Amino acid sequence: MTASPAAAVPRLDPRHYEPARVPYEVRRHAGTPDTLAVGRPGKVGLLELAFERVGGRTELTGHYQKSPLQIMRPLYFDPARPDLAVTFLMSTGGGILQADRLRTDLHCGADTAVHLTTQAATKVYRMEHDYATQLVNLTAGPRAYVEYLPEPVIPFVDSRLYQRTVLTVDPDATVLAGETVLAGRLARGERNAYRVFASDLEVRRPGGELVALDTVRLEPSPGGGGGGGRGAGVTGPAVLAGHDVMSSLYVLSPLAPAARIADVLHEAVVGCGQEYGELLYGVSVLPQDSGAWLRLLGSDTRACAAALRAAWDAVRRLLIGVPAPELRKT
């Protein structure tokens, strides 16, 4: 199967896979790698998926992939929603390397039901030259129900990553989108040794109207390694507050009032906090009463994962009346 390019320029034109703007915190690390350079084979990963409602379930009707990005065929194992296409996003490279430019375009048509996730955590490897970028454009058509819940991003020592996620959501569509970033390879005692992790998440309407923008800039040693030691730039009370995990869940939906969605998210995480302890979190409604969002901080990866799953499950039960399925990825 093939899919039409998501942009008017050719797929391998840098204007297609390069971000229109890279934040200064990342851009200042630009350089010429002594390995494969930007644009060389294997350095530009493209994935385009189109889903449509066909008969009684959602089918993959458009598919283009260029290594290192790829998928296997969608699966249908949610017992409560057999129409929902569960799709695992994969990388043949095992992670993100310096000078990688990755772009994923996901189109979910009217009345589709899609769950998108990554097969494993996204490892961002050490970078000595340049930086890496990851673009995700997700479009949800009228009455679509879409879950985009990737596994955590793990930035290794000296890594530099900018990721931009744009959710274009029809007013009648529902989208659940999650994002988690760890402080590093925690099991190895590695914390906040990356150079910079920058993330922008935008919520837009089909006409381009901006509904919400969430900007994250984590730079452990601002200026490239001075002031206060490695990690000092992200451990303060206004940033990570000494925690190792930051997770967010954005819920856009007309299926319940925004205040009710926020209450359900709060109640779900309160229960997890009582069980696991040491979770900081906040919940609020999104602009235009388009939904609600949750952000939580913790130092136990299992506790944060459990809290995020509890929030996902609670919102699912509220919006579509069914629990979250078990996803086996090992």
# chains A, B, ... in the order shown; residues from 1 in each chain; ligands from 1
$ select_by_dssp --residues "segment 233-296 of chain A" --states "helix (DSSP H, G or I)" --output "PyMOL selection string"
chain A and resi 233-234+258-276+287-289
$ write_last_selection --atoms "N, CA and C atoms" --output "mmCIF file, in the first residue's frame"
data_model
loop_
_atom_site.group_PDB
_atom_site.id
_atom_site.type_symbol
_atom_site.label_atom_id
_atom_site.label_comp_id
_atom_site.auth_asym_id
_atom_site.auth_seq_id
_atom_site.Cartn_x
_atom_site.Cartn_y
_atom_site.Cartn_z
ATOM 1 N N GLY A 233 20.394 22.481 35.897
ATOM 2 C CA GLY A 233 19.413 23.299 35.198
ATOM 3 C C GLY A 233 18.001 22.754 35.182
ATOM 4 N N VAL A 234 17.784 21.505 35.637
ATOM 5 C CA VAL A 234 16.430 20.935 35.569
ATOM 6 C C VAL A 234 15.949 20.383 36.903
ATOM 7 N N ALA A 258 -15.426 19.256 29.729
ATOM 8 C CA ALA A 258 -14.004 19.345 30.061
ATOM 9 C C ALA A 258 -13.772 19.238 31.564
ATOM 10 N N ALA A 259 -14.635 19.859 32.360
ATOM 11 C CA ALA A 259 -14.466 19.809 33.811
ATOM 12 C C ALA A 259 -14.620 18.388 34.324
ATOM 13 N N ARG A 260 -15.524 17.630 33.717
ATOM 14 C CA ARG A 260 -15.706 16.238 34.141
ATOM 15 C C ARG A 260 -14.483 15.397 33.785
ATOM 16 N N ILE A 261 -13.918 15.630 32.603
ATOM 17 C CA ILE A 261 -12.699 14.913 32.213
ATOM 18 C C ILE A 261 -11.576 15.222 33.200
ATOM 19 N N ALA A 262 -11.427 16.496 33.561
ATOM 20 C CA ALA A 262 -10.387 16.880 34.516
ATOM 21 C C ALA A 262 -10.601 16.208 35.861
ATOM 22 N N ASP A 263 -11.842 16.145 36.318
ATOM 23 C CA ASP A 263 -12.137 15.499 37.599
ATOM 24 C C ASP A 263 -11.766 14.019 37.562
ATOM 25 N N VAL A 264 -12.087 13.357 36.467
ATOM 26 C CA VAL A 264 -11.790 11.930 36.344
ATOM 27 C C VAL A 264 -10.283 11.692 36.341
ATOM 28 N N LEU A 265 -9.531 12.526 35.624
ATOM 29 C CA LEU A 265 -8.075 12.406 35.634
ATOM 30 C C LEU A 265 -7.527 12.579 37.045
ATOM 31 N N HIS A 266 -8.031 13.585 37.748
ATOM 32 C CA HIS A 266 -7.558 13.864 39.101
ATOM 33 C C HIS A 266 -7.859 12.694 40.033
ATOM 34 N N GLU A 267 -9.073 12.180 39.961
ATOM 35 C CA GLU A 267 -9.464 11.074 40.841
ATOM 36 C C GLU A 267 -8.613 9.834 40.584
ATOM 37 N N ALA A 268 -8.306 9.578 39.324
ATOM 38 C CA ALA A 268 -7.510 8.399 38.987
ATOM 39 C C ALA A 268 -6.110 8.489 39.566
ATOM 40 N N VAL A 269 -5.488 9.672 39.473
ATOM 41 C CA VAL A 269 -4.114 9.819 39.949
ATOM 42 C C VAL A 269 -4.070 9.919 41.470
ATOM 43 N N VAL A 270 -5.095 10.487 42.083
ATOM 44 C CA VAL A 270 -5.155 10.518 43.546
ATOM 45 C C VAL A 270 -5.068 9.106 44.092
ATOM 46 N N GLY A 271 -5.799 8.186 43.484
ATOM 47 C CA GLY A 271 -5.767 6.798 43.936
ATOM 48 C C GLY A 271 -4.385 6.189 43.817
ATOM 49 N N CYS A 272 -3.691 6.494 42.727
ATOM 50 C CA CYS A 272 -2.333 5.971 42.534
ATOM 51 C C CYS A 272 -1.362 6.586 43.530
ATOM 52 N N GLY A 273 -1.548 7.876 43.810
ATOM 53 C CA GLY A 273 -0.677 8.530 44.767
ATOM 54 C C GLY A 273 -0.794 7.906 46.154
ATOM 55 N N GLN A 274 -2.003 7.509 46.519
ATOM 56 C CA GLN A 274 -2.199 6.875 47.810
ATOM 57 C C GLN A 274 -1.543 5.503 47.855
ATOM 58 N N GLU A 275 -1.528 4.826 46.699
ATOM 59 C CA GLU A 275 -0.970 3.474 46.644
ATOM 60 C C GLU A 275 0.548 3.490 46.556
ATOM 61 N N TYR A 276 1.103 4.371 45.691
ATOM 62 C CA TYR A 276 2.540 4.368 45.440
ATOM 63 C C TYR A 276 3.289 5.468 46.180
ATOM 64 N N PRO A 287 -8.009 25.033 26.773
ATOM 65 C CA PRO A 287 -8.744 26.183 26.235
ATOM 66 C C PRO A 287 -9.963 25.747 25.428
ATOM 67 N N GLN A 288 -10.951 26.624 25.405
ATOM 68 C CA GLN A 288 -12.195 26.415 24.659
ATOM 69 C C GLN A 288 -12.969 25.208 25.172
ATOM 70 N N ASP A 289 -12.684 24.782 26.421
ATOM 71 C CA ASP A 289 -13.336 23.589 26.989
ATOM 72 C C ASP A 289 -13.226 22.393 26.050
#
$ residues_around --residues "segment 77-81 of chain A" --least-positions-apart "3" --cutoff "9 Å" --atoms "only C-alpha atoms" --output "list in words"
Leu84, Ala85, Val86, Ala113, Val322, Pro323, Ala324, Pro325 and Glu326 of chain A
$ write_last_selection --atoms "N, CA and C atoms" --output "short mmCIF file (atom, residue, chain, number, x, y, z; two decimals), in the first residue's frame"
data_model
loop_
_atom_site.label_atom_id
_atom_site.label_comp_id
_atom_site.auth_asym_id
_atom_site.auth_seq_id
_atom_site.Cartn_x
_atom_site.Cartn_y
_atom_site.Cartn_z
N LEU A 84 -11.14 -1.53 16.88
CA LEU A 84 -10.03 -0.61 17.09
C LEU A 84 -8.73 -1.21 16.55
N ALA A 85 -8.06 -0.46 15.68
CA ALA A 85 -6.81 -0.92 15.08
C ALA A 85 -5.64 -0.52 15.98
N VAL A 86 -4.98 -1.52 16.58
CA VAL A 86 -3.84 -1.28 17.44
C VAL A 86 -2.58 -1.38 16.59
N ALA A 113 -11.28 4.21 14.69
CA ALA A 113 -10.88 3.93 16.07
C ALA A 113 -9.47 3.35 16.00
N VAL A 322 -15.59 1.66 28.12
CA VAL A 322 -14.87 0.39 28.18
C VAL A 322 -13.50 0.61 28.82
N PRO A 323 -12.92 -0.43 29.43
CA PRO A 323 -11.62 -0.28 30.08
C PRO A 323 -10.48 -0.28 29.07
N ALA A 324 -9.32 0.10 29.54
CA ALA A 324 -8.12 0.05 28.71
C ALA A 324 -7.66 -1.40 28.58
N PRO A 325 -7.24 -1.81 27.39
CA PRO A 325 -6.79 -3.20 27.19
C PRO A 325 -5.38 -3.40 27.72
N GLU A 326 -5.00 -4.66 27.91
CA GLU A 326 -3.63 -5.00 28.25
C GLU A 326 -2.81 -5.04 26.97
#
$ residues_around --residues "segment 16-24 of chain A" --least-positions-apart "4" --cutoff "7 Å" --atoms "only C-alpha atoms" --output "PyMOL selection string"
chain A and resi 7+9-12+28+101-103
$ residues_around --residues "segment 158-164 of chain A" --least-positions-apart "6" --cutoff "8 Å" --atoms "only C-alpha atoms" --output "MDAnalysis selection string"
chainID A and resid 22:23 26 29 98 124:128 130:136 193:202
$ atom_distance --atom1 "atom CA of Asn137 of chain A" --atom2 "atom CA of Pro220 of chain A"
27.8 Å
$ residues_around --residues "Val245 of chain A" --least-positions-apart "4" --cutoff "12 Å" --atoms "only C-alpha atoms" --output "PDB file with N, CA, C and O atoms, in the first residue's frame"
ATOM      1  N   PRO A 152       8.061   5.705  26.970  1.00  0.00           N
ATOM      2  CA  PRO A 152       8.888   6.863  27.359  1.00  0.00           C
ATOM      3  C   PRO A 152      10.061   7.125  26.426  1.00  0.00           C
ATOM      4  O   PRO A 152      10.572   6.228  25.754  1.00  0.00           O
ATOM      5  N   VAL A 153      10.499   8.379  26.433  1.00  0.00           N
ATOM      6  CA  VAL A 153      11.739   8.791  25.787  1.00  0.00           C
ATOM      7  C   VAL A 153      12.846   8.751  26.851  1.00  0.00           C
ATOM      8  O   VAL A 153      12.675   9.274  27.950  1.00  0.00           O
ATOM      9  N   ILE A 154      13.983   8.116  26.499  1.00  0.00           N
ATOM     10  CA  ILE A 154      15.111   8.018  27.429  1.00  0.00           C
ATOM     11  C   ILE A 154      16.313   8.708  26.799  1.00  0.00           C
ATOM     12  O   ILE A 154      16.962   8.160  25.899  1.00  0.00           O
ATOM     13  N   PRO A 155      16.630   9.917  27.229  1.00  0.00           N
ATOM     14  CA  PRO A 155      17.788  10.636  26.670  1.00  0.00           C
ATOM     15  C   PRO A 155      19.091  10.203  27.335  1.00  0.00           C
ATOM     16  O   PRO A 155      19.249  10.332  28.548  1.00  0.00           O
ATOM     17  N   GLU A 179       2.801  11.606  26.714  1.00  0.00           N
ATOM     18  CA  GLU A 179       4.236  11.837  26.529  1.00  0.00           C
ATOM     19  C   GLU A 179       4.926  11.636  27.868  1.00  0.00           C
ATOM     20  O   GLU A 179       4.491  12.177  28.892  1.00  0.00           O
ATOM     21  N   THR A 180       5.987  10.845  27.869  1.00  0.00           N
ATOM     22  CA  THR A 180       6.773  10.614  29.077  1.00  0.00           C
ATOM     23  C   THR A 180       8.244  10.734  28.734  1.00  0.00           C
ATOM     24  O   THR A 180       8.702  10.205  27.716  1.00  0.00           O
ATOM     25  N   VAL A 181       8.998  11.419  29.583  1.00  0.00           N
ATOM     26  CA  VAL A 181      10.449  11.523  29.400  1.00  0.00           C
ATOM     27  C   VAL A 181      11.123  11.196  30.722  1.00  0.00           C
ATOM     28  O   VAL A 181      10.679  11.633  31.793  1.00  0.00           O
ATOM     29  N   LEU A 182      12.156  10.363  30.654  1.00  0.00           N
ATOM     30  CA  LEU A 182      12.925  10.002  31.837  1.00  0.00           C
ATOM     31  C   LEU A 182      14.165  10.893  31.944  1.00  0.00           C
ATOM     32  O   LEU A 182      14.599  11.490  30.964  1.00  0.00           O
ATOM     33  N   ALA A 183      14.767  10.916  33.118  1.00  0.00           N
ATOM     34  CA  ALA A 183      15.964  11.725  33.333  1.00  0.00           C
ATOM     35  C   ALA A 183      17.199  11.081  32.731  1.00  0.00           C
ATOM     36  O   ALA A 183      18.258  11.702  32.686  1.00  0.00           O
ATOM     37  N   GLY A 184      17.069   9.853  32.250  1.00  0.00           N
ATOM     38  CA  GLY A 184      18.194   9.139  31.654  1.00  0.00           C
ATOM     39  C   GLY A 184      18.067   7.656  31.916  1.00  0.00           C
ATOM     40  O   GLY A 184      16.982   7.153  32.209  1.00  0.00           O
ATOM     41  N   ARG A 185      19.191   6.945  31.822  1.00  0.00           N
ATOM     42  CA  ARG A 185      19.196   5.505  32.104  1.00  0.00           C
ATOM     43  C   ARG A 185      19.298   5.323  33.618  1.00  0.00           C
ATOM     44  O   ARG A 185      20.372   5.163  34.184  1.00  0.00           O
ATOM     45  N   LEU A 186      18.145   5.333  34.250  1.00  0.00           N
ATOM     46  CA  LEU A 186      18.087   5.387  35.708  1.00  0.00           C
ATOM     47  C   LEU A 186      18.715   4.160  36.358  1.00  0.00           C
ATOM     48  O   LEU A 186      19.339   4.263  37.412  1.00  0.00           O
ATOM     49  N   ARG A 191      21.496  10.313  35.451  1.00  0.00           N
ATOM     50  CA  ARG A 191      20.394  11.253  35.627  1.00  0.00           C
ATOM     51  C   ARG A 191      20.774  12.626  35.087  1.00  0.00           C
ATOM     52  O   ARG A 191      21.790  13.193  35.477  1.00  0.00           O
ATOM     53  N   ASN A 192      19.925  13.121  34.191  1.00  0.00           N
ATOM     54  CA  ASN A 192      20.064  14.490  33.667  1.00  0.00           C
ATOM     55  C   ASN A 192      21.475  14.768  33.155  1.00  0.00           C
ATOM     56  O   ASN A 192      22.068  15.816  33.435  1.00  0.00           O
ATOM     57  N   VAL A 234      17.784  21.505  35.637  1.00  0.00           N
ATOM     58  CA  VAL A 234      16.430  20.935  35.569  1.00  0.00           C
ATOM     59  C   VAL A 234      15.949  20.383  36.903  1.00  0.00           C
ATOM     60  O   VAL A 234      14.868  19.801  36.979  1.00  0.00           O
ATOM     61  N   THR A 235      16.707  20.563  37.965  1.00  0.00           N
ATOM     62  CA  THR A 235      16.328  19.952  39.229  1.00  0.00           C
ATOM     63  C   THR A 235      15.618  20.902  40.181  1.00  0.00           C
ATOM     64  O   THR A 235      15.276  20.522  41.291  1.00  0.00           O
ATOM     65  N   VAL A 239      10.971  23.119  37.682  1.00  0.00           N
ATOM     66  CA  VAL A 239      11.231  22.211  36.560  1.00  0.00           C
ATOM     67  C   VAL A 239      10.883  20.796  37.007  1.00  0.00           C
ATOM     68  O   VAL A 239       9.728  20.475  37.200  1.00  0.00           O
ATOM     69  N   LEU A 240      11.868  19.936  37.231  1.00  0.00           N
ATOM     70  CA  LEU A 240      11.586  18.556  37.625  1.00  0.00           C
ATOM     71  C   LEU A 240      11.565  18.355  39.138  1.00  0.00           C
ATOM     72  O   LEU A 240      11.166  17.286  39.604  1.00  0.00           O
ATOM     73  N   ALA A 241      12.018  19.342  39.877  1.00  0.00           N
ATOM     74  CA  ALA A 241      11.978  19.284  41.347  1.00  0.00           C
ATOM     75  C   ALA A 241      12.651  18.023  41.884  1.00  0.00           C
ATOM     76  O   ALA A 241      12.204  17.430  42.866  1.00  0.00           O
ATOM     77  N   GLU A 278       4.597   9.622  46.670  1.00  0.00           N
ATOM     78  CA  GLU A 278       5.600  10.456  45.995  1.00  0.00           C
ATOM     79  C   GLU A 278       5.300  10.701  44.526  1.00  0.00           C
ATOM     80  O   GLU A 278       6.105  10.452  43.638  1.00  0.00           O
ATOM     81  N   LEU A 279       4.108  11.207  44.268  1.00  0.00           N
ATOM     82  CA  LEU A 279       3.747  11.661  42.927  1.00  0.00           C
ATOM     83  C   LEU A 279       3.264  13.098  43.035  1.00  0.00           C
ATOM     84  O   LEU A 279       2.398  13.414  43.851  1.00  0.00           O
ATOM     85  N   LEU A 280       3.854  13.966  42.238  1.00  0.00           N
ATOM     86  CA  LEU A 280       3.351  15.327  42.121  1.00  0.00           C
ATOM     87  C   LEU A 280       2.578  15.424  40.821  1.00  0.00           C
ATOM     88  O   LEU A 280       3.021  14.903  39.798  1.00  0.00           O
ATOM     89  N   TYR A 281       1.434  16.078  40.835  1.00  0.00           N
ATOM     90  CA  TYR A 281       0.634  16.129  39.618  1.00  0.00           C
ATOM     91  C   TYR A 281      -0.280  17.347  39.636  1.00  0.00           C
ATOM     92  O   TYR A 281      -0.548  17.946  40.685  1.00  0.00           O
ATOM     93  N   ARG A 295      -0.387  16.486  34.101  1.00  0.00           N
ATOM     94  CA  ARG A 295       1.070  16.350  34.130  1.00  0.00           C
ATOM     95  C   ARG A 295       1.468  15.835  35.503  1.00  0.00           C
ATOM     96  O   ARG A 295       0.960  16.322  36.523  1.00  0.00           O
ATOM     97  N   LEU A 296       2.351  14.834  35.507  1.00  0.00           N
ATOM     98  CA  LEU A 296       2.794  14.290  36.783  1.00  0.00           C
ATOM     99  C   LEU A 296       4.299  14.102  36.799  1.00  0.00           C
ATOM    100  O   LEU A 296       4.939  13.896  35.767  1.00  0.00           O
ATOM    101  N   LEU A 297       4.861  14.207  38.000  1.00  0.00           N
ATOM    102  CA  LEU A 297       6.277  13.991  38.246  1.00  0.00           C
ATOM    103  C   LEU A 297       6.425  12.894  39.279  1.00  0.00           C
ATOM    104  O   LEU A 297       5.647  12.815  40.237  1.00  0.00           O
ATOM    105  N   GLY A 298       7.440  12.052  39.108  1.00  0.00           N
ATOM    106  CA  GLY A 298       7.709  10.999  40.070  1.00  0.00           C
ATOM    107  C   GLY A 298       9.143  10.535  39.952  1.00  0.00           C
ATOM    108  O   GLY A 298       9.875  10.931  39.043  1.00  0.00           O
ATOM    109  N   SER A 299       9.551   9.695  40.880  1.00  0.00           N
ATOM    110  CA  SER A 299      10.902   9.159  40.855  1.00  0.00           C
ATOM    111  C   SER A 299      10.918   7.649  40.668  1.00  0.00           C
ATOM    112  O   SER A 299      11.982   7.053  40.601  1.00  0.00           O
ATOM    113  N   ASP A 300       9.746   7.042  40.589  1.00  0.00           N
ATOM    114  CA  ASP A 300       9.625   5.603  40.381  1.00  0.00           C
ATOM    115  C   ASP A 300       8.940   5.389  39.039  1.00  0.00           C
ATOM    116  O   ASP A 300       7.788   5.789  38.848  1.00  0.00           O
ATOM    117  N   THR A 301       9.659   4.788  38.102  1.00  0.00           N
ATOM    118  CA  THR A 301       9.090   4.615  36.759  1.00  0.00           C
ATOM    119  C   THR A 301       7.824   3.771  36.788  1.00  0.00           C
ATOM    120  O   THR A 301       6.887   4.034  36.037  1.00  0.00           O
ATOM    121  N   ARG A 302       7.796   2.760  37.660  1.00  0.00           N
ATOM    122  CA  ARG A 302       6.610   1.900  37.736  1.00  0.00           C
ATOM    123  C   ARG A 302       5.411   2.665  38.280  1.00  0.00           C
ATOM    124  O   ARG A 302       4.286   2.483  37.805  1.00  0.00           O
ATOM    125  N   ALA A 303       5.649   3.508  39.263  1.00  0.00           N
ATOM    126  CA  ALA A 303       4.552   4.290  39.832  1.00  0.00           C
ATOM    127  C   ALA A 303       3.983   5.259  38.804  1.00  0.00           C
ATOM    128  O   ALA A 303       2.758   5.414  38.678  1.00  0.00           O
ATOM    129  N   CYS A 304       4.869   5.913  38.048  1.00  0.00           N
ATOM    130  CA  CYS A 304       4.403   6.863  37.031  1.00  0.00           C
ATOM    131  C   CYS A 304       3.653   6.138  35.915  1.00  0.00           C
ATOM    132  O   CYS A 304       2.619   6.620  35.438  1.00  0.00           O
ATOM    133  N   ALA A 305       4.170   4.984  35.501  1.00  0.00           N
ATOM    134  CA  ALA A 305       3.488   4.214  34.459  1.00  0.00           C
ATOM    135  C   ALA A 305       2.118   3.755  34.946  1.00  0.00           C
ATOM    136  O   ALA A 305       1.133   3.787  34.190  1.00  0.00           O
ATOM    137  N   ALA A 307       0.259   5.241  37.208  1.00  0.00           N
ATOM    138  CA  ALA A 307      -0.617   6.408  37.297  1.00  0.00           C
ATOM    139  C   ALA A 307      -1.126   6.816  35.927  1.00  0.00           C
ATOM    140  O   ALA A 307      -2.309   7.148  35.751  1.00  0.00           O
ATOM    141  N   LEU A 308      -0.240   6.800  34.934  1.00  0.00           N
ATOM    142  CA  LEU A 308      -0.650   7.166  33.581  1.00  0.00           C
ATOM    143  C   LEU A 308      -1.658   6.159  33.033  1.00  0.00           C
ATOM    144  O   LEU A 308      -2.643   6.536  32.392  1.00  0.00           O
TER     145      LEU A 308
END
$ decode --residues "segment 283-300 of chain A" --atoms "N, CA, C and O atoms" --output "PDB file, in the first residue's frame"
ATOM      1  N   VAL A 283      -3.815  18.926  37.219  1.00  0.00           N
ATOM      2  CA  VAL A 283      -4.814  18.697  36.181  1.00  0.00           C
ATOM      3  C   VAL A 283      -5.545  20.006  35.932  1.00  0.00           C
ATOM      4  O   VAL A 283      -5.853  20.746  36.874  1.00  0.00           O
ATOM      5  N   SER A 284      -5.831  20.303  34.658  1.00  0.00           N
ATOM      6  CA  SER A 284      -6.634  21.480  34.340  1.00  0.00           C
ATOM      7  C   SER A 284      -7.344  21.277  33.013  1.00  0.00           C
ATOM      8  O   SER A 284      -6.983  20.384  32.235  1.00  0.00           O
ATOM      9  N   VAL A 285      -8.354  22.094  32.770  1.00  0.00           N
ATOM     10  CA  VAL A 285      -9.067  22.022  31.499  1.00  0.00           C
ATOM     11  C   VAL A 285      -8.245  22.729  30.431  1.00  0.00           C
ATOM     12  O   VAL A 285      -7.429  23.608  30.720  1.00  0.00           O
ATOM     13  N   LEU A 286      -8.464  22.341  29.195  1.00  0.00           N
ATOM     14  CA  LEU A 286      -7.794  22.946  28.056  1.00  0.00           C
ATOM     15  C   LEU A 286      -8.617  24.129  27.533  1.00  0.00           C
ATOM     16  O   LEU A 286      -9.823  24.230  27.814  1.00  0.00           O
ATOM     17  N   PRO A 287      -8.009  25.033  26.773  1.00  0.00           N
ATOM     18  CA  PRO A 287      -8.744  26.183  26.235  1.00  0.00           C
ATOM     19  C   PRO A 287      -9.963  25.747  25.428  1.00  0.00           C
ATOM     20  O   PRO A 287      -9.999  24.663  24.839  1.00  0.00           O
ATOM     21  N   GLN A 288     -10.951  26.624  25.405  1.00  0.00           N
ATOM     22  CA  GLN A 288     -12.195  26.415  24.659  1.00  0.00           C
ATOM     23  C   GLN A 288     -12.969  25.208  25.172  1.00  0.00           C
ATOM     24  O   GLN A 288     -13.799  24.642  24.461  1.00  0.00           O
ATOM     25  N   ASP A 289     -12.684  24.782  26.421  1.00  0.00           N
ATOM     26  CA  ASP A 289     -13.336  23.589  26.989  1.00  0.00           C
ATOM     27  C   ASP A 289     -13.226  22.393  26.050  1.00  0.00           C
ATOM     28  O   ASP A 289     -14.137  21.569  25.954  1.00  0.00           O
ATOM     29  N   SER A 290     -12.079  22.306  25.378  1.00  0.00           N
ATOM     30  CA  SER A 290     -11.878  21.227  24.401  1.00  0.00           C
ATOM     31  C   SER A 290     -11.476  19.921  25.054  1.00  0.00           C
ATOM     32  O   SER A 290     -11.430  18.882  24.391  1.00  0.00           O
ATOM     33  N   GLY A 291     -11.179  19.940  26.331  1.00  0.00           N
ATOM     34  CA  GLY A 291     -10.756  18.738  27.029  1.00  0.00           C
ATOM     35  C   GLY A 291      -9.977  19.107  28.274  1.00  0.00           C
ATOM     36  O   GLY A 291     -10.164  20.176  28.851  1.00  0.00           O
ATOM     37  N   ALA A 292      -9.082  18.213  28.700  1.00  0.00           N
ATOM     38  CA  ALA A 292      -8.296  18.446  29.904  1.00  0.00           C
ATOM     39  C   ALA A 292      -6.942  17.777  29.743  1.00  0.00           C
ATOM     40  O   ALA A 292      -6.737  16.959  28.849  1.00  0.00           O
ATOM     41  N   TRP A 293      -6.014  18.153  30.632  1.00  0.00           N
ATOM     42  CA  TRP A 293      -4.699  17.533  30.566  1.00  0.00           C
ATOM     43  C   TRP A 293      -4.134  17.324  31.953  1.00  0.00           C
ATOM     44  O   TRP A 293      -4.522  17.987  32.918  1.00  0.00           O
ATOM     45  N   LEU A 294      -3.236  16.349  32.026  1.00  0.00           N
ATOM     46  CA  LEU A 294      -2.603  15.947  33.268  1.00  0.00           C
ATOM     47  C   LEU A 294      -1.091  15.987  33.097  1.00  0.00           C
ATOM     48  O   LEU A 294      -0.574  15.576  32.051  1.00  0.00           O
ATOM     49  N   ARG A 295      -0.387  16.486  34.101  1.00  0.00           N
ATOM     50  CA  ARG A 295       1.070  16.350  34.130  1.00  0.00           C
ATOM     51  C   ARG A 295       1.468  15.835  35.503  1.00  0.00           C
ATOM     52  O   ARG A 295       0.960  16.322  36.523  1.00  0.00           O
ATOM     53  N   LEU A 296       2.351  14.834  35.507  1.00  0.00           N
ATOM     54  CA  LEU A 296       2.794  14.290  36.783  1.00  0.00           C
ATOM     55  C   LEU A 296       4.299  14.102  36.799  1.00  0.00           C
ATOM     56  O   LEU A 296       4.939  13.896  35.767  1.00  0.00           O
ATOM     57  N   LEU A 297       4.861  14.207  38.000  1.00  0.00           N
ATOM     58  CA  LEU A 297       6.277  13.991  38.246  1.00  0.00           C
ATOM     59  C   LEU A 297       6.425  12.894  39.279  1.00  0.00           C
ATOM     60  O   LEU A 297       5.647  12.815  40.237  1.00  0.00           O
ATOM     61  N   GLY A 298       7.440  12.052  39.108  1.00  0.00           N
ATOM     62  CA  GLY A 298       7.709  10.999  40.070  1.00  0.00           C
ATOM     63  C   GLY A 298       9.143  10.535  39.952  1.00  0.00           C
ATOM     64  O   GLY A 298       9.875  10.931  39.043  1.00  0.00           O
ATOM     65  N   SER A 299       9.551   9.695  40.880  1.00  0.00           N
ATOM     66  CA  SER A 299      10.902   9.159  40.855  1.00  0.00           C
ATOM     67  C   SER A 299      10.918   7.649  40.668  1.00  0.00           C
ATOM     68  O   SER A 299      11.982   7.053  40.601  1.00  0.00           O
ATOM     69  N   ASP A 300       9.746   7.042  40.589  1.00  0.00           N
ATOM     70  CA  ASP A 300       9.625   5.603  40.381  1.00  0.00           C
ATOM     71  C   ASP A 300       8.940   5.389  39.039  1.00  0.00           C
ATOM     72  O   ASP A 300       7.788   5.789  38.848  1.00  0.00           O
TER      73      ASP A 300
END
